[in-house]
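Source file structure01.cif; content: mmCIF, C-alpha atoms and all ligand atoms.
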data_upload
loop_
_atom_site.label_atom_id
_atom_site.label_comp_id
_atom_site.auth_asym_id
_atom_site.auth_seq_id
_atom_site.Cartn_x
_atom_site.Cartn_y
_atom_site.Cartn_z
CA MET A 167 28.97 -1.47 -0.95
CA SER A 168 28.46 -3.95 -3.74
CA GLU A 169 24.92 -4.90 -4.65
CA ILE A 170 23.39 -8.13 -5.82
CA GLU A 171 20.96 -7.99 -8.71
CA THR A 172 18.27 -10.62 -8.69
CA ARG A 173 15.74 -11.59 -11.36
CA CYS A 174 12.47 -13.44 -10.98
CA ARG A 175 10.45 -12.14 -13.87
CA THR A 176 6.92 -13.20 -14.65
CA ALA A 177 6.12 -14.24 -18.21
CA ARG A 178 2.35 -13.86 -18.28
CA CYS A 179 -0.45 -11.58 -17.09
CA ARG A 180 -1.23 -12.27 -13.45
CA ILE A 181 -4.98 -12.45 -14.15
CA CYS A 182 -5.63 -13.67 -17.71
CA GLN A 183 -2.26 -15.33 -18.57
CA GLU A 184 -1.81 -13.14 -21.69
CA GLN A 185 1.82 -13.48 -22.82
CA THR A 186 2.43 -10.07 -24.38
CA LEU A 187 2.48 -7.25 -21.83
CA ALA A 188 3.09 -3.61 -22.85
CA PRO A 189 5.77 -1.72 -20.87
CA VAL A 190 4.52 1.38 -19.01
CA LEU A 191 7.30 2.42 -16.59
CA ASP A 192 10.80 1.27 -15.61
CA LEU A 193 11.94 2.40 -12.14
CA GLY A 194 15.30 0.65 -12.50
CA HIS A 195 16.84 -1.63 -9.89
CA MET A 196 15.37 -1.01 -6.45
CA PRO A 197 16.01 -2.50 -3.01
CA LEU A 198 13.05 -4.13 -1.22
CA SER A 199 11.04 -1.16 0.04
CA ASP A 200 10.41 -2.66 3.51
CA GLY A 201 13.87 -4.19 3.80
CA PHE A 202 15.09 -1.84 6.54
CA LEU A 203 18.61 -2.75 7.51
CA SER A 204 19.86 -3.61 10.97
CA GLU A 205 23.35 -2.58 12.00
CA ALA A 206 24.64 -6.11 11.29
CA GLN A 207 23.10 -6.07 7.78
CA LEU A 208 24.87 -2.82 6.89
CA ALA A 209 28.08 -4.77 6.40
CA SER A 210 26.56 -7.12 3.78
CA PRO A 211 25.79 -6.36 0.14
CA GLU A 212 22.20 -5.29 -0.53
CA LYS A 213 19.95 -7.09 -2.96
CA ARG A 214 18.27 -5.09 -5.70
CA TYR A 215 15.54 -6.21 -8.05
CA PRO A 216 14.26 -4.70 -11.33
CA LEU A 217 11.00 -2.76 -10.92
CA GLU A 218 9.14 -2.55 -14.23
CA VAL A 219 5.44 -1.87 -14.76
CA ALA A 220 3.43 -3.26 -17.69
CA PHE A 221 -0.15 -3.17 -19.02
CA CYS A 222 -2.21 -6.14 -20.25
CA ARG A 223 -4.24 -5.23 -23.34
CA THR A 224 -6.52 -8.23 -22.81
CA CYS A 225 -7.81 -7.69 -19.22
CA SER A 226 -6.42 -4.13 -18.55
CA LEU A 227 -4.39 -5.21 -15.51
CA VAL A 228 -1.39 -3.01 -14.72
CA GLN A 229 1.28 -5.09 -12.99
CA ILE A 230 4.98 -5.35 -12.22
CA LEU A 231 6.99 -8.00 -14.01
CA GLU A 232 9.09 -9.10 -11.06
CA THR A 233 7.88 -11.50 -8.36
CA VAL A 234 10.14 -11.50 -5.31
CA PRO A 235 9.55 -14.70 -3.29
CA PRO A 236 7.10 -13.93 -0.41
CA GLU A 237 9.53 -15.46 2.12
CA GLU A 238 11.94 -12.61 1.30
CA LEU A 239 9.26 -9.92 1.41
CA PHE A 240 7.22 -10.92 4.45
CA CYS A 241 9.79 -12.38 6.79
CA ASP A 242 9.50 -12.77 10.58
CA ASP A 243 10.66 -9.24 11.22
CA TYR A 244 8.30 -7.69 8.65
CA PRO A 245 8.10 -4.22 10.13
CA TYR A 246 4.59 -3.08 9.21
CA TYR A 247 2.22 -2.72 12.17
CA ALA A 248 -1.10 -1.20 11.08
CA SER A 249 -1.82 0.17 14.55
CA PHE A 250 0.91 2.84 14.27
CA SER A 251 -1.31 5.08 12.11
CA THR A 252 -4.14 6.72 14.04
CA SER A 253 -6.03 7.75 10.90
CA TRP A 254 -5.88 4.18 9.56
CA LEU A 255 -7.20 2.83 12.90
CA ALA A 256 -10.15 5.22 12.74
CA HIS A 257 -10.77 4.22 9.11
CA ALA A 258 -10.77 0.52 10.06
CA ARG A 259 -13.06 1.05 13.04
CA GLN A 260 -15.67 2.89 10.98
CA SER A 261 -15.59 0.23 8.28
CA ALA A 262 -16.14 -2.51 10.93
CA LEU A 263 -19.06 -0.65 12.53
CA ASP A 264 -20.68 -0.15 9.09
CA LEU A 265 -20.36 -3.87 8.33
CA ILE A 266 -21.80 -4.92 11.70
CA ALA A 267 -24.87 -2.74 11.07
CA GLU A 268 -25.32 -3.51 7.35
CA ARG A 269 -24.87 -7.28 7.63
CA LYS A 270 -26.54 -7.60 11.07
CA LEU A 271 -23.52 -9.51 12.40
CA GLY A 272 -23.74 -11.26 15.77
CA ALA A 273 -22.51 -14.16 17.89
CA ASP A 274 -23.37 -16.70 15.14
CA SER A 275 -21.41 -14.88 12.44
CA LEU A 276 -17.80 -15.32 11.40
CA VAL A 277 -15.59 -12.55 10.10
CA VAL A 278 -12.35 -13.69 8.46
CA GLU A 279 -9.65 -11.20 7.62
CA LEU A 280 -6.85 -11.92 5.17
CA ALA A 281 -3.64 -10.09 6.12
CA SER A 282 -5.09 -9.27 9.51
CA ASN A 283 -1.77 -7.77 10.69
CA ASP A 284 -1.86 -6.84 14.39
CA GLY A 285 -5.65 -7.17 14.74
CA TYR A 286 -6.26 -3.44 14.06
CA LEU A 287 -9.58 -4.24 12.26
CA LEU A 288 -10.83 -7.49 13.80
CA LYS A 289 -10.58 -6.17 17.38
CA ASN A 290 -13.60 -3.99 16.57
CA PHE A 291 -15.69 -7.11 15.84
CA VAL A 292 -14.34 -8.89 18.94
CA GLU A 293 -15.55 -5.93 21.04
CA HIS A 294 -19.06 -6.60 19.73
CA GLY A 295 -18.94 -10.33 20.55
CA ILE A 296 -18.58 -11.38 16.90
CA PRO A 297 -16.32 -14.43 16.23
CA VAL A 298 -13.29 -13.64 14.08
CA LEU A 299 -10.36 -15.37 12.46
CA GLY A 300 -7.32 -13.45 11.31
CA ILE A 301 -4.87 -14.92 8.81
CA ASP A 302 -1.44 -13.34 8.41
CA PRO A 303 1.98 -14.75 7.50
CA ALA A 304 4.01 -12.28 9.61
CA GLU A 305 4.64 -13.74 13.09
CA GLY A 306 5.33 -10.45 14.92
CA PRO A 307 2.04 -8.72 14.03
CA ALA A 308 0.10 -12.05 14.37
CA GLU A 309 1.39 -12.46 17.93
CA ALA A 310 0.45 -8.85 18.73
CA ALA A 311 -3.09 -9.63 17.47
CA ARG A 312 -3.39 -12.72 19.69
CA ARG A 313 -2.35 -10.68 22.70
CA ILE A 314 -5.41 -8.43 22.24
CA GLY A 315 -7.75 -11.40 21.84
CA VAL A 316 -7.88 -11.70 18.05
CA GLU A 317 -7.58 -15.38 17.03
CA THR A 318 -4.93 -15.43 14.30
CA LEU A 319 -3.48 -18.13 12.05
CA CYS A 320 0.08 -17.33 11.09
CA ASP A 321 0.04 -18.48 7.48
CA PHE A 322 -0.34 -17.42 3.83
CA PHE A 323 -3.94 -17.55 2.60
CA THR A 324 -4.13 -20.05 -0.27
CA THR A 325 -6.80 -22.29 -1.85
CA ASP A 326 -5.43 -25.15 0.29
CA LEU A 327 -5.84 -23.20 3.53
CA ALA A 328 -9.35 -22.13 2.45
CA ALA A 329 -10.27 -25.79 1.76
CA ARG A 330 -8.96 -26.82 5.18
CA LEU A 331 -11.06 -24.17 6.95
CA VAL A 332 -14.17 -25.13 4.94
CA ALA A 333 -13.59 -28.79 5.92
CA GLU A 334 -13.55 -27.64 9.56
CA GLY A 335 -16.93 -25.98 8.99
CA ARG A 336 -15.51 -22.47 9.10
CA GLN A 337 -17.14 -20.48 6.30
CA ALA A 338 -17.35 -16.72 6.55
CA ASP A 339 -20.24 -14.27 6.55
CA VAL A 340 -17.72 -11.55 5.85
CA VAL A 341 -14.22 -11.84 4.39
CA CYS A 342 -12.13 -8.70 4.78
CA GLY A 343 -8.88 -7.98 3.01
CA ASN A 344 -7.34 -4.53 3.14
CA ASN A 345 -4.35 -3.83 0.92
CA VAL A 346 -3.52 -7.49 0.40
CA LEU A 347 -4.92 -8.44 -3.02
CA ALA A 348 -2.17 -6.53 -4.82
CA HIS A 349 0.47 -8.31 -2.70
CA VAL A 350 -0.29 -11.95 -3.49
CA ALA A 351 1.77 -13.73 -6.12
CA ASP A 352 -1.01 -16.21 -6.98
CA THR A 353 -3.78 -13.68 -7.67
CA ASN A 354 -6.20 -16.27 -9.08
CA GLY A 355 -5.52 -18.78 -6.28
CA PHE A 356 -6.19 -16.12 -3.65
CA VAL A 357 -9.54 -15.16 -5.20
CA ALA A 358 -10.49 -18.83 -5.64
CA GLY A 359 -9.79 -19.21 -1.90
CA ILE A 360 -12.13 -16.29 -1.14
CA ALA A 361 -14.84 -17.93 -3.27
CA ALA A 362 -14.39 -21.17 -1.30
CA ILE A 363 -14.44 -19.69 2.18
CA LEU A 364 -17.37 -17.30 1.61
CA LYS A 365 -20.89 -18.45 2.58
CA ASP A 366 -23.44 -18.37 -0.24
CA ASP A 367 -24.97 -15.15 1.13
CA GLY A 368 -21.66 -13.76 2.41
CA VAL A 369 -19.78 -10.69 1.25
CA ALA A 370 -16.09 -10.07 0.70
CA VAL A 371 -15.05 -6.50 1.46
CA ILE A 372 -11.69 -5.75 -0.06
CA GLU A 373 -9.74 -2.54 -0.24
CA VAL A 374 -7.16 -1.90 -2.95
CA PRO A 375 -5.34 1.25 -4.03
CA TYR A 376 -7.04 2.63 -7.17
CA LEU A 377 -4.96 2.73 -10.33
CA ARG A 378 -6.77 5.84 -11.52
CA ASP A 379 -5.53 7.86 -8.50
CA LEU A 380 -2.02 6.43 -8.87
CA ILE A 381 -1.77 7.55 -12.50
CA GLU A 382 -3.58 10.89 -12.19
CA HIS A 383 -1.68 12.03 -9.08
CA CYS A 384 1.56 10.38 -10.19
CA GLU A 385 1.86 8.30 -6.98
CA PHE A 386 4.66 6.23 -8.48
CA ASP A 387 6.28 5.63 -5.06
CA THR A 388 3.38 3.27 -4.24
CA ILE A 389 4.89 0.97 -6.89
CA TYR A 390 7.20 -1.51 -5.17
CA HIS A 391 7.98 -5.20 -5.16
CA GLU A 392 5.32 -6.05 -2.56
CA HIS A 393 2.66 -4.55 -4.88
CA LEU A 394 2.38 -6.88 -7.82
CA CYS A 395 -0.91 -5.55 -9.25
CA TYR A 396 -2.40 -2.04 -9.73
CA PHE A 397 -6.13 -2.43 -10.15
CA SER A 398 -8.75 -0.73 -12.27
CA VAL A 399 -12.42 -1.68 -11.84
CA THR A 400 -12.22 -3.19 -15.33
CA ALA A 401 -9.40 -5.57 -14.36
CA LEU A 402 -11.07 -6.44 -11.04
CA ASP A 403 -14.30 -7.31 -12.84
CA HIS A 404 -12.33 -9.74 -15.08
CA LEU A 405 -10.60 -11.24 -12.04
CA PHE A 406 -13.67 -11.93 -9.88
CA ARG A 407 -15.81 -13.23 -12.77
CA ARG A 408 -13.21 -15.93 -13.43
CA HIS A 409 -14.05 -17.34 -9.99
CA GLY A 410 -17.85 -17.03 -10.02
CA LEU A 411 -17.79 -13.87 -7.92
CA TYR A 412 -19.40 -10.51 -8.70
CA LEU A 413 -18.05 -7.09 -7.88
CA ASN A 414 -21.45 -5.55 -7.13
CA ARG A 415 -20.65 -2.30 -5.35
CA VAL A 416 -17.61 0.00 -5.18
CA LYS A 417 -16.79 2.91 -2.92
CA ARG A 418 -13.96 5.36 -3.60
CA LEU A 419 -11.85 6.19 -0.53
CA ALA A 420 -9.13 8.74 0.21
CA SER A 421 -6.88 6.22 2.04
CA HIS A 422 -3.41 5.36 0.68
CA GLY A 423 -3.58 8.15 -1.90
CA GLY A 424 -6.93 6.93 -3.25
CA SER A 425 -8.43 3.45 -2.85
CA LEU A 426 -11.47 1.38 -3.71
CA ARG A 427 -13.59 -0.56 -1.23
CA LEU A 428 -15.02 -3.49 -3.18
CA PHE A 429 -18.13 -5.43 -2.17
CA ILE A 430 -18.03 -8.88 -3.76
CA GLU A 431 -20.77 -11.50 -3.61
CA LYS A 432 -21.67 -14.85 -5.16
CA HIS A 433 -24.74 -13.48 -6.92
CA GLU A 434 -24.82 -10.71 -9.51
CA ASN A 435 -26.59 -7.61 -8.21
CA ARG A 436 -24.90 -4.64 -9.82
CA ASP A 437 -25.07 -1.28 -8.09
CA PRO A 438 -24.67 1.96 -10.12
CA SER A 439 -21.48 2.67 -8.11
CA PHE A 440 -19.90 -0.24 -9.99
CA SER A 441 -21.40 0.39 -13.43
CA ASP A 442 -20.60 4.12 -13.32
CA LEU A 443 -16.91 3.58 -12.51
CA LEU A 444 -16.62 0.85 -15.15
CA ALA A 445 -18.20 3.12 -17.78
CA ALA A 446 -15.97 6.06 -16.76
CA GLU A 447 -12.83 3.92 -17.14
CA ARG A 448 -13.89 2.89 -20.62
CA ALA A 449 -14.86 6.46 -21.62
CA ASP A 450 -11.54 7.88 -20.36
CA GLY A 451 -9.42 5.28 -22.11
CA MET A 452 -8.11 3.38 -19.07
CA THR A 453 -8.71 0.13 -20.94
CA ALA A 454 -6.12 1.02 -23.61
CA LEU A 455 -2.38 1.66 -23.59
CA PRO A 456 -2.29 5.38 -24.62
CA PHE A 457 -3.80 6.35 -21.22
CA TYR A 458 -0.54 5.23 -19.57
CA GLU A 459 1.93 6.60 -22.09
CA ASP A 460 2.97 9.93 -20.52
CA PHE A 461 3.12 8.46 -16.99
CA SER A 462 6.83 7.60 -17.13
CA HIS A 463 7.73 11.16 -18.25
CA ARG A 464 5.81 12.64 -15.32
CA VAL A 465 7.52 10.21 -12.92
CA GLU A 466 10.98 11.12 -14.22
CA ALA A 467 10.17 14.83 -13.82
CA ILE A 468 9.24 14.35 -10.14
CA GLY A 469 12.46 12.43 -9.43
CA ARG A 470 14.57 15.05 -11.19
CA ASP A 471 12.80 18.07 -9.64
CA LEU A 472 12.92 16.63 -6.13
CA HIS A 473 16.64 15.88 -6.42
CA THR A 474 17.33 19.41 -7.72
CA LEU A 475 15.28 20.96 -4.90
CA VAL A 476 16.83 18.94 -2.07
CA SER A 477 20.42 19.11 -3.32
CA GLY A 478 20.02 22.86 -3.92
CA LEU A 479 18.79 23.43 -0.36
CA LYS A 480 21.64 21.30 0.98
CA ALA A 481 24.24 23.15 -1.10
CA ALA A 482 22.90 26.42 0.35
CA GLY A 483 23.79 25.12 3.82
CA ASN A 484 20.40 23.83 4.98
CA ARG A 485 19.99 20.77 7.13
CA ILE A 486 17.32 18.39 5.74
CA VAL A 487 15.56 15.46 7.42
CA ALA A 488 12.64 13.30 6.32
CA TYR A 489 9.43 11.94 7.85
CA GLY A 490 7.99 8.45 7.34
CA ALA A 491 10.15 5.34 6.81
CA ALA A 492 7.34 3.73 4.81
CA ALA A 493 7.79 1.55 1.75
CA LYS A 494 6.93 4.50 -0.47
CA GLY A 495 9.70 6.51 1.20
CA THR A 496 12.28 3.91 0.24
CA ILE A 497 11.17 4.12 -3.40
CA MET A 498 11.02 7.93 -3.49
CA LEU A 499 14.48 8.36 -1.91
CA ASN A 500 16.13 5.71 -4.08
CA PHE A 501 14.46 6.82 -7.30
CA ALA A 502 15.28 10.51 -6.72
CA GLY A 503 18.84 9.65 -5.61
CA ILE A 504 18.45 11.30 -2.20
CA ASP A 505 20.81 9.54 0.19
CA HIS A 506 22.49 10.03 3.58
CA THR A 507 24.70 12.79 2.18
CA LEU A 508 21.58 14.95 1.62
CA VAL A 509 19.18 13.82 4.37
CA ASP A 510 20.39 13.34 7.97
CA TYR A 511 17.71 10.92 9.14
CA VAL A 512 14.16 9.68 8.58
CA MET A 513 11.71 9.80 11.47
CA ASP A 514 9.11 7.11 12.06
CA MET A 515 6.64 6.33 14.85
CA ASN A 516 7.19 2.57 14.43
CA VAL A 517 9.61 1.48 17.18
CA HIS A 518 10.44 -1.66 15.13
CA LYS A 519 11.99 0.55 12.44
CA GLN A 520 13.83 2.99 14.72
CA GLY A 521 17.55 2.20 14.89
CA LYS A 522 17.47 0.62 11.43
CA THR A 523 18.54 2.16 8.10
CA VAL A 524 16.59 2.86 4.90
CA PRO A 525 17.86 0.38 2.25
CA GLY A 526 19.79 1.65 -0.76
CA VAL A 527 20.17 5.27 0.37
CA ARG A 528 21.40 4.27 3.84
CA ILE A 529 19.63 6.91 5.90
CA PRO A 530 19.19 6.11 9.63
CA ILE A 531 15.68 5.90 11.14
CA VAL A 532 14.95 7.73 14.41
CA ALA A 533 11.94 8.59 16.61
CA PRO A 534 9.82 11.62 15.58
CA ASP A 535 10.67 13.62 18.73
CA GLN A 536 14.05 14.29 17.11
CA LEU A 537 12.32 16.91 14.91
CA LEU A 538 11.67 19.42 17.71
CA ALA A 539 14.96 18.61 19.42
CA ASP A 540 16.89 19.55 16.25
CA GLN A 541 14.50 21.95 14.48
CA PRO A 542 16.08 21.47 11.02
CA PRO A 543 14.77 24.03 8.48
CA TYR A 544 13.42 21.38 6.04
CA CYS A 545 11.62 18.08 6.45
CA LEU A 546 10.81 15.92 3.42
CA LEU A 547 7.38 14.36 3.96
CA LEU A 548 7.68 10.88 2.47
CA VAL A 549 4.29 9.70 3.75
CA TRP A 550 2.37 12.35 1.79
CA ASN A 551 -0.79 10.24 2.21
CA LEU A 552 -0.75 11.14 5.93
CA LYS A 553 -0.06 14.85 5.26
CA LYS A 554 -3.01 16.17 7.23
CA GLU A 555 -2.28 13.95 10.27
CA ILE A 556 1.45 14.72 10.35
CA LEU A 557 1.19 18.45 9.71
CA ARG A 558 -1.25 18.65 12.61
CA ALA A 559 1.00 16.54 14.87
CA GLN A 560 4.08 18.63 13.94
CA ASP A 561 2.34 21.97 14.32
CA GLU A 562 4.99 23.20 16.77
CA TYR A 563 7.81 22.47 14.30
CA ARG A 564 6.00 24.60 11.72
CA ARG A 565 5.31 27.40 14.21
CA ARG A 566 9.04 27.57 14.91
CA GLY A 567 9.71 28.08 11.21
CA GLY A 568 10.07 24.49 9.96
CA ARG A 569 9.11 23.77 6.34
CA PHE A 570 7.80 20.50 4.96
CA ILE A 571 8.65 19.40 1.42
CA VAL A 572 5.85 17.35 -0.15
CA PRO A 573 7.01 15.36 -3.22
CA ILE A 574 3.66 14.28 -4.73
CA PRO A 575 1.94 15.15 -7.12
CA ARG A 576 4.87 17.54 -7.73
CA PRO A 577 7.56 18.70 -5.31
CA GLU A 578 6.27 21.59 -3.21
CA ILE A 579 7.48 23.44 -0.10
CA ILE A 580 4.89 24.18 2.58
CA GLU A 581 5.94 27.48 4.11
CA PRO A 582 5.46 27.99 7.86
CA ALA A 583 3.66 31.27 7.09
CA ASP A 584 0.98 29.27 5.29
CA LEU A 585 -0.07 27.63 8.55
CA SER A 586 -3.57 29.08 8.52
CA ASN A 587 -4.33 28.09 4.93
CA ALA A 588 -2.07 25.07 4.38
CA PRO A 589 -3.35 22.79 1.62
CA SER A 590 -5.46 20.02 3.11
CA ALA A 591 -4.50 16.37 2.74
CA ARG A 592 -6.39 14.38 0.14
ZN ZN B 601 -4.45 -9.84 -18.52
#
Mind turning the file's structure into structure tokens?
Amino acid sequence: MSEIETRCRTARCRICQEQTLAPVLDLGHMPLSDGFLSEAQLASPEKRYPLEVAFCRTCSLVQILETVPPEELFCDDYPYYASFSTSWLAHARQSALDLIAERKLGADSLVVELASNDGYLLKNFVEHGIPVLGIDPAEGPAEAARRIGVETLCDFFTTDLAARLVAEGRQADVVCGNNVLAHVADTNGFVAGIAAILKDDGVAVIEVPYLRDLIEHCEFDTIYHEHLCYFSVTALDHLFRRHGLYLNRVKRLASHGGSLRLFIEKHENRDPSFSDLLAAERADGMTALPFYEDFSHRVEAIGRDLHTLVSGLKAAGNRIVAYGAAAKGTIMLNFAGIDHTLVDYVMDMNVHKQGKTVPGVRIPIVAPDQLLADQPPYCLLLVWNLKKEILRAQDEYRRRGGRFIVPIPRPEIIEPADLSNAPSAR
């Protein structure tokens, strides 16, 4: 199948507008990681876009150079529904309960969530009688949110939308945004919108994957076209200050391979959790290019080793399947060159993805119950961030002799005999 190469390269740093960005990693031409193909789409050529990562010496932001138009990335059939991960639901619920207690939220408060998806977070506030407003550009998840009583605007959050809500008298006590800041093309406009919509004594609580974890654990498959920025505390501090906001408190989380929960306010009141992380980044060199220099060699080694492992197992007559048709799975499979000739299918809980095909490598997506029906000897775990949850759920597969292959931080086989002392998920 022929492929279309597309270019929409950015010229300047997404935060500080610096024009000279230092290259860190080149993943080559990749399909859109969430662009799962329907049967009809299989007949058409696939689009591929360059995926290059660069570092800004001025503000320390790590970013990709390509900006795929959001209409192409987050279309009507955008397949991500947050509620399909039980561990993520529990994480969201706890974070909502903490906020309700800490901020003494009640019937007079307003909680606004940016990228509210299917209402997985806001429903916890609704249960407590707290008014909410979700904002999300994907119609499918937004409609699912409305069905469970979460008021949702189906739109992109911009400074214009923020101004409109403020004009309607809708300012927020709490603005939540989980795994969205890295996705927005107009980073500064998005943060300016947060500054506008937040009450003077309000707090924005934002979760982003942490660059430090990405680099140290070599989580390169979390780099894809939807993720434009890869944040350090140093870069975030630059970003918020530009808009009169202060990153006062930071909490490190295990979610998505290592994340930060940021607490941002309109008044400076620095907590040691912020100052300590900022100082550690400086001390360890994260604010300079050499810190990132061996990253691309480590990434290439994972791709090479995983391909050797999987193709070797296949050549020896083993059947191999994979688990987790997530965006990171698309990147891992395409980067390592593992296609439908090596892996029979990818399983995923999300019914919206089942029946479709992973882009680029053209591997069909099926329901997870296929694993026990087939009992293939090897299963490549693409969603390594959910290792603990999936190994527990697929306990029976492992008892019957099934082995998982975990690609990150280096390819490793989890033997069935190791059931009692299997390595725990991070
Ligand atoms: Zn910059």
Using all atoms listed in the file, which residues sit within 9 Å of Ala258 (chain A) once same-chain residues fewer than 6 positions away are excluded, as a PyMOL selection string? chain A and resi 286-288+290
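Using only C-alpha atoms and all ligand atoms as the basis for the distance check, residues found within 10 Å of ligand ZN 601 (chain B) are Arg178, Cys179, Arg180, Ile181, Cys182, Gln183, Glu184, Gln185, Thr186, Leu187, Phe221, Cys222, Arg223, Thr224, Cys225, Ser226, Leu227, Val228, Gln229, Ala401, His404 and Leu405 of chain A.
Across the structure, CA of Phe501 (chain A) and CA of Gly469 (chain A) are spaced 6.3 Å apart.
The two atoms in question, CA of Ser282 (chain A) and CA of Ile497 (chain A), are spaced 24.7 Å apart.
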If we count all atoms listed in the file and set the cut-off at 12 Å, which residues sit around Asn551 (chain A), ignoring sequence neighbours fewer than 4 positions away in its own chain? Please answer as number ranges by chain. A: 251, 253-254, 375, 379-380, 383, 385, 387-388, 420-425, 489-490, 492, 494-495, 547, 555-557, 572-575, 590-592
Could you tell me, as a ChimeraX atom specification, which residues have any atom at most 10 Å from (22.7, 13.1, 13.0), counting all atoms listed in the file? /A:487,506,509-511,529-530,532,536,540
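Between CA of Leu479 (chain A) and CA of Gly568 (chain A) there is a distance of 13.6 Å.
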Let me make sure I understand: among A:Ala188, A:Ala220, A:Ala311, A:Ala370, which one has the smallest atom-to-atom distance to Val278 (chain A) if we use all atoms listed in the file? A:Ala370
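In terms of minimum interatomic distance to Gly368 (chain A), A:Leu276 ranks closest within A:Ala502, A:Val332, A:Leu276, A:Leu444, counting all atoms listed in the file.
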Skipping near chain neighbours, those fewer than 4 positions away, what residues fall within 9 Å of Ile531 (chain A) using all atoms listed in the file, listed as a list in words? Gly490, Ala491, Tyr511, Val512, Met513, Asp514, Lys519, Gln520, Gly521, Lys522, Thr523 and Val524 of chain A
List as a list in words the protein and nucleic acid residues near Arg259 (chain A), meaning an atom at most 12 Å away when all atoms listed in the file are counted, but skip any in the same chain fewer than 2 places from it. Ser249, Thr252, Ser253, Trp254, Leu255, Ala256, His257, Ser261, Ala262, Leu263, Asp264, Leu265, Ile266, Gly285, Tyr286, Leu287, Leu288, Lys289, Asn290, Phe291, Val292, Glu293 and His294 of chain A
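Restricting the calculation to only C-alpha atoms, the smallest distance between Arg313 (chain A) and any of A:Glu382, A:Asp284, A:Phe461, A:Val219 is found for A:Asp284.
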Within 9 Å of region 337-345 of chain A, counting all atoms listed in the file, which residues show up once you throw out same-chain ones fewer than 2 positions away? Write them as number ranges by chain, please. A: 265, 269, 271, 275-282, 328, 331-332, 334-335, 347-349, 360, 362-375, 427
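Ranking A:Gln560, A:Pro525, A:Gly483, A:Leu428 by their shortest atom-to-atom distance to Leu208 (chain A), with only C-alpha atoms included, puts A:Pro525 first.
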Up to 7 Å from (-19.4, -8.1, -10.4) in the file's coordinates: name the residues, counting only C-alpha atoms, as number ranges by chain. A: 403, 406-407, 411-414, 430, 434, 436
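Distances here use all atoms listed in the file; by that measure, the residue among A:Cys384, A:Gly526, A:Glu317, A:His391 closest to Tyr458 (chain A) is A:Cys384.
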